[in-house]
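What follows is a single structure, written as structure tokens, with notes after it.
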Amino acid sequence: MRVTTLVNKLIGLQGLWVRGFHYQADKARAVVDVVPRRRRPVCGVCGRKVRKNKDRYTRYWRHLDLFGVRTYLRYSIRRVVCRRCGVVKEKVPWADKGSRFTKGFEQEVAWLAQRTDLSAVAEYFRVTWRSVRRIIQRVVAEQRDEQQELDGLRVIGMDEISYRKRHKYLTVVINHLSGRVVWEGKERKAKTLLRFFRKLGPQRAAKLEAVSMDMWEPYISVVGKKAPQARVIFDRFHIVKHLNEAVDKTRRELVRELKGTARRNLKNTKFPLLKAKHNRSAKDKRVLREQVQANRRLYRAMLLRDDFMDLYTYKSESWANKFLRGWLWRAMRSRIEPIKRAAKMIRRHFDGVVAWVTWRLSNGRLEGMNNKIRLLSHRSFGLHSAEALISLVYLNCGGLTLERIH
């Protein structure tokens, strides 16, 4: 077997012929001379065949190492004259436009980036961290079919995640049925979500049936405007969180008012108070009975919070509606200001709170996805731009399946 034939099989790329193989000892690298298999060049912008060449110059593309030696493909690339695009570089079959790496190299880098941190990937392939980031962006742009992801959307969830200090946020939209991230945008403003609906288009937006979210007003207004037929469902976790904060604020107000032993006793009741009724141990119940029940205001706040949890046991929305109206009546007459503020918030979002009974959707899947996104950011030791994190999330959470070239 000839050396060129062997090297052609080893590099594992299609659409080219190997014309020579050289080892440059001074630079400790191997250089493979290649040419495209097609005779006529192709415009690197529009992909049309062209006839007229302007000039040539030599270019190198980094490929996977051969026998542990850095390997480059070398080719005298042509500048061609395209009737539509003017003077541009020809398209080569082994690399994407503007890339100095072969498709096989980029595929391997992206495959490893799905499994470990970017610093380790850069060190393993002996490239810079920025090169790894750009490779991920190119692979995601090439292999991710955004339109296909958006086509089948029926039930979605949306949430924001902080990715840097000083209130730097991303808006994340997932498909509840597939569990995949279908869209991400920088910031958490109304205009951010409007960009998502522009991508989605009015026809696909009209097919949305339900949207789960927290009670962030910009999201609510945009969904009401762009998909009015979709049922907005407020996540139970965030609602219960507001009620827990109301109970704890009541406790802290009492701690500031009381003195002596009564004050010390209330300081130790935070976690038994905030636990769900079915999760309290015998010790928690004893603490509540001995130290909280004597304080009527705090005890009523705890009971109202516990009673609200019964809403999520209903299976009929009409009965849940009736129950919640009764609970709101009692909460507004409790004379406990933190509970009254939480009740006003629930009353403003009444329909979305009751809608949970029918759809039983929560943002738990989104919270889990947010934890994964944070892990990706920490695994990369921080990312300087939202675009870099968005590409990494699509790579790991967008359902992309990458295969190694060998």
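If you're wondering about the labels, chains in the structure tokens are A, B, ... by order shown, residues count from 1 in each chain, ligands from 1 in order shown.
When the distance limit is 7 Å and only C-alpha atoms are what count, the residues near Leu112 of chain A, minus those fewer than 4 positions from it on the same chain, are Glu108, Thr116 and Val121 of chain A.
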Exercise. Mind checking which residues fall within 10 Å of Val287 of chain A, counting only C-alpha atoms, ignoring those fewer than 2 positions away in the same chain, and posting them as number ranges by chain?
Key: A: 265-266, 268-269, 272-273, 281-285, 289-293
Contacts of segment 132-190 of chain A with segment 83-103 of chain A up to 9 Å, shortest pair per row, only C-alpha atoms, as a Markdown table:
| residue | atom | partner | partner_atom | distance |
| --- | --- | --- | --- | --- |
| A:Ile135 | CA | A:Ser99 | CA | 8.3 |
| A:Arg138 | CA | A:Asp96 | CA | 8.3 |
| A:Val139 | CA | A:Lys103 | CA | 8.8 |
Quiz item: DSSP on the backbone: what in segment 111-270 of chain A comes out helix (DSSP H, G or I), as number ranges by chain?
Solution: A: 111-113, 118-125, 129-143, 146-151, 190-205, 217-226, 236-257, 260-267, 270
Quiz item: With distances taken over only C-alpha atoms, which of A:Cys82, A:Leu66, A:Leu16, A:Ile339 is nearest to Arg48 of chain A?
Solution: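 Comparing A:Cys82, A:Leu66, A:Leu16, A:Ile339 against Arg48 of chain A, the winner is A:Cys82.
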Quiz item: What lies within 9 Å of Val31 of chain A using only C-alpha atoms, ignoring chain neighbours under 3 positions off, as a PyMOL selection string?
Solution: chain A and resi 20-24+60+70-74
Writing out the chosen residues with C-alpha atoms as a PDB file, in the first residue's frame:
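Final file, selection.pdb:
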ATOM      1  CA  GLY A  20       1.824  13.916  -0.378  1.00  0.00           C
ATOM      2  CA  PHE A  21       2.949  13.456   3.226  1.00  0.00           C
ATOM      3  CA  HIS A  22       5.813  15.309   4.950  1.00  0.00           C
ATOM      4  CA  TYR A  23       7.192  15.472   8.458  1.00  0.00           C
ATOM      5  CA  GLN A  24       8.631  18.834   9.481  1.00  0.00           C
ATOM      6  CA  TYR A  60      -3.161  24.967   6.519  1.00  0.00           C
ATOM      7  CA  ARG A  70       0.219  17.403  15.265  1.00  0.00           C
ATOM      8  CA  THR A  71      -1.121  17.025  11.746  1.00  0.00           C
ATOM      9  CA  TYR A  72      -2.102  19.695   9.227  1.00  0.00           C
ATOM     10  CA  LEU A  73      -3.749  19.519   5.829  1.00  0.00           C
ATOM     11  CA  ARG A  74      -2.114  21.776   3.233  1.00  0.00           C
TER      12      ARG A  74
END
Exercise. Name the closest residue to Tyr219 of chain A among the candidates A:Arg286, A:Arg188, A:Lys54, A:Arg325; distances are taken between atoms, counting only C-alpha atoms.
Key: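 Of A:Arg286, A:Arg188, A:Lys54, A:Arg325, the one nearest Tyr219 of chain A, counting only C-alpha atoms, is A:Arg188.
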Quick one: which segment 297-359 of chain A residues come within 12 Å of segment 222-240 of chain A, and what is the nearest atom pair for each with the distance in Å to one decimal, counting only C-alpha atoms, rows ordered by chain and ascending number, as JSON lines?
{"residue": "A:Leu304", "atom": "CA", "partner": "A:Val240", "partner_atom": "CA", "distance": 11.5}
{"residue": "A:Arg305", "atom": "CA", "partner": "A:Val240", "partner_atom": "CA", "distance": 8.0}
{"residue": "A:Asp306", "atom": "CA", "partner": "A:Val240", "partner_atom": "CA", "distance": 9.8}
{"residue": "A:Asp307", "atom": "CA", "partner": "A:Val240", "partner_atom": "CA", "distance": 11.4}
{"residue": "A:Phe308", "atom": "CA", "partner": "A:Val240", "partner_atom": "CA", "distance": 8.6}
{"residue": "A:Met309", "atom": "CA", "partner": "A:Val240", "partner_atom": "CA", "distance": 8.0}
{"residue": "A:Asp310", "atom": "CA", "partner": "A:Val240", "partner_atom": "CA", "distance": 11.7}
{"residue": "A:Leu311", "atom": "CA", "partner": "A:Arg236", "partner_atom": "CA", "distance": 10.2}
{"residue": "A:Tyr312", "atom": "CA", "partner": "A:Arg236", "partner_atom": "CA", "distance": 8.5}
{"residue": "A:Ile339", "atom": "CA", "partner": "A:Val240", "partner_atom": "CA", "distance": 11.7}
{"residue": "A:Ala342", "atom": "CA", "partner": "A:Ile239", "partner_atom": "CA", "distance": 8.6}
{"residue": "A:Ala343", "atom": "CA", "partner": "A:Ile239", "partner_atom": "CA", "distance": 10.1}
{"residue": "A:Lys344", "atom": "CA", "partner": "A:Ile239", "partner_atom": "CA", "distance": 11.9}
{"residue": "A:Met345", "atom": "CA", "partner": "A:Ile239", "partner_atom": "CA", "distance": 9.1}
{"residue": "A:Ile346", "atom": "CA", "partner": "A:Ile239", "partner_atom": "CA", "distance": 7.7}
{"residue": "A:Arg347", "atom": "CA", "partner": "A:Ile239", "partner_atom": "CA", "distance": 11.5}
{"residue": "A:Arg348", "atom": "CA", "partner": "A:Phe234", "partner_atom": "CA", "distance": 11.7}
{"residue": "A:His349", "atom": "CA", "partner": "A:Phe234", "partner_atom": "CA", "distance": 8.1}
{"residue": "A:Phe350", "atom": "CA", "partner": "A:Phe234", "partner_atom": "CA", "distance": 9.4}
{"residue": "A:Asp351", "atom": "CA", "partner": "A:Val232", "partner_atom": "CA", "distance": 8.0}
{"residue": "A:Gly352", "atom": "CA", "partner": "A:Ile233", "partner_atom": "CA", "distance": 4.5}
{"residue": "A:Val353", "atom": "CA", "partner": "A:Phe234", "partner_atom": "CA", "distance": 5.5}
{"residue": "A:Val354", "atom": "CA", "partner": "A:Ile233", "partner_atom": "CA", "distance": 8.0}
{"residue": "A:Ala355", "atom": "CA", "partner": "A:Ile233", "partner_atom": "CA", "distance": 5.6}
{"residue": "A:Trp356", "atom": "CA", "partner": "A:Ile233", "partner_atom": "CA", "distance": 5.8}
{"residue": "A:Val357", "atom": "CA", "partner": "A:Ile233", "partner_atom": "CA", "distance": 9.4}
{"residue": "A:Thr358", "atom": "CA", "partner": "A:Ile233", "partner_atom": "CA", "distance": 9.6}
{"residue": "A:Trp359", "atom": "CA", "partner": "A:Ile233", "partner_atom": "CA", "distance": 7.9}
Exercise. Excluding Ile174 of chain A and any residue of its chain fewer than 4 positions from it, enumerate the residues within 8 Å of it, using only C-alpha atoms, and give them as a PyMOL selection string.
Key: chain A and resi 156-158+179-183+366
Quiz item: For Ala246 of chain A, which residue out of A:Glu123, A:Glu337, A:Asp65, A:Glu106 is the nearest one, using only C-alpha atoms?
Solution: A:Glu337
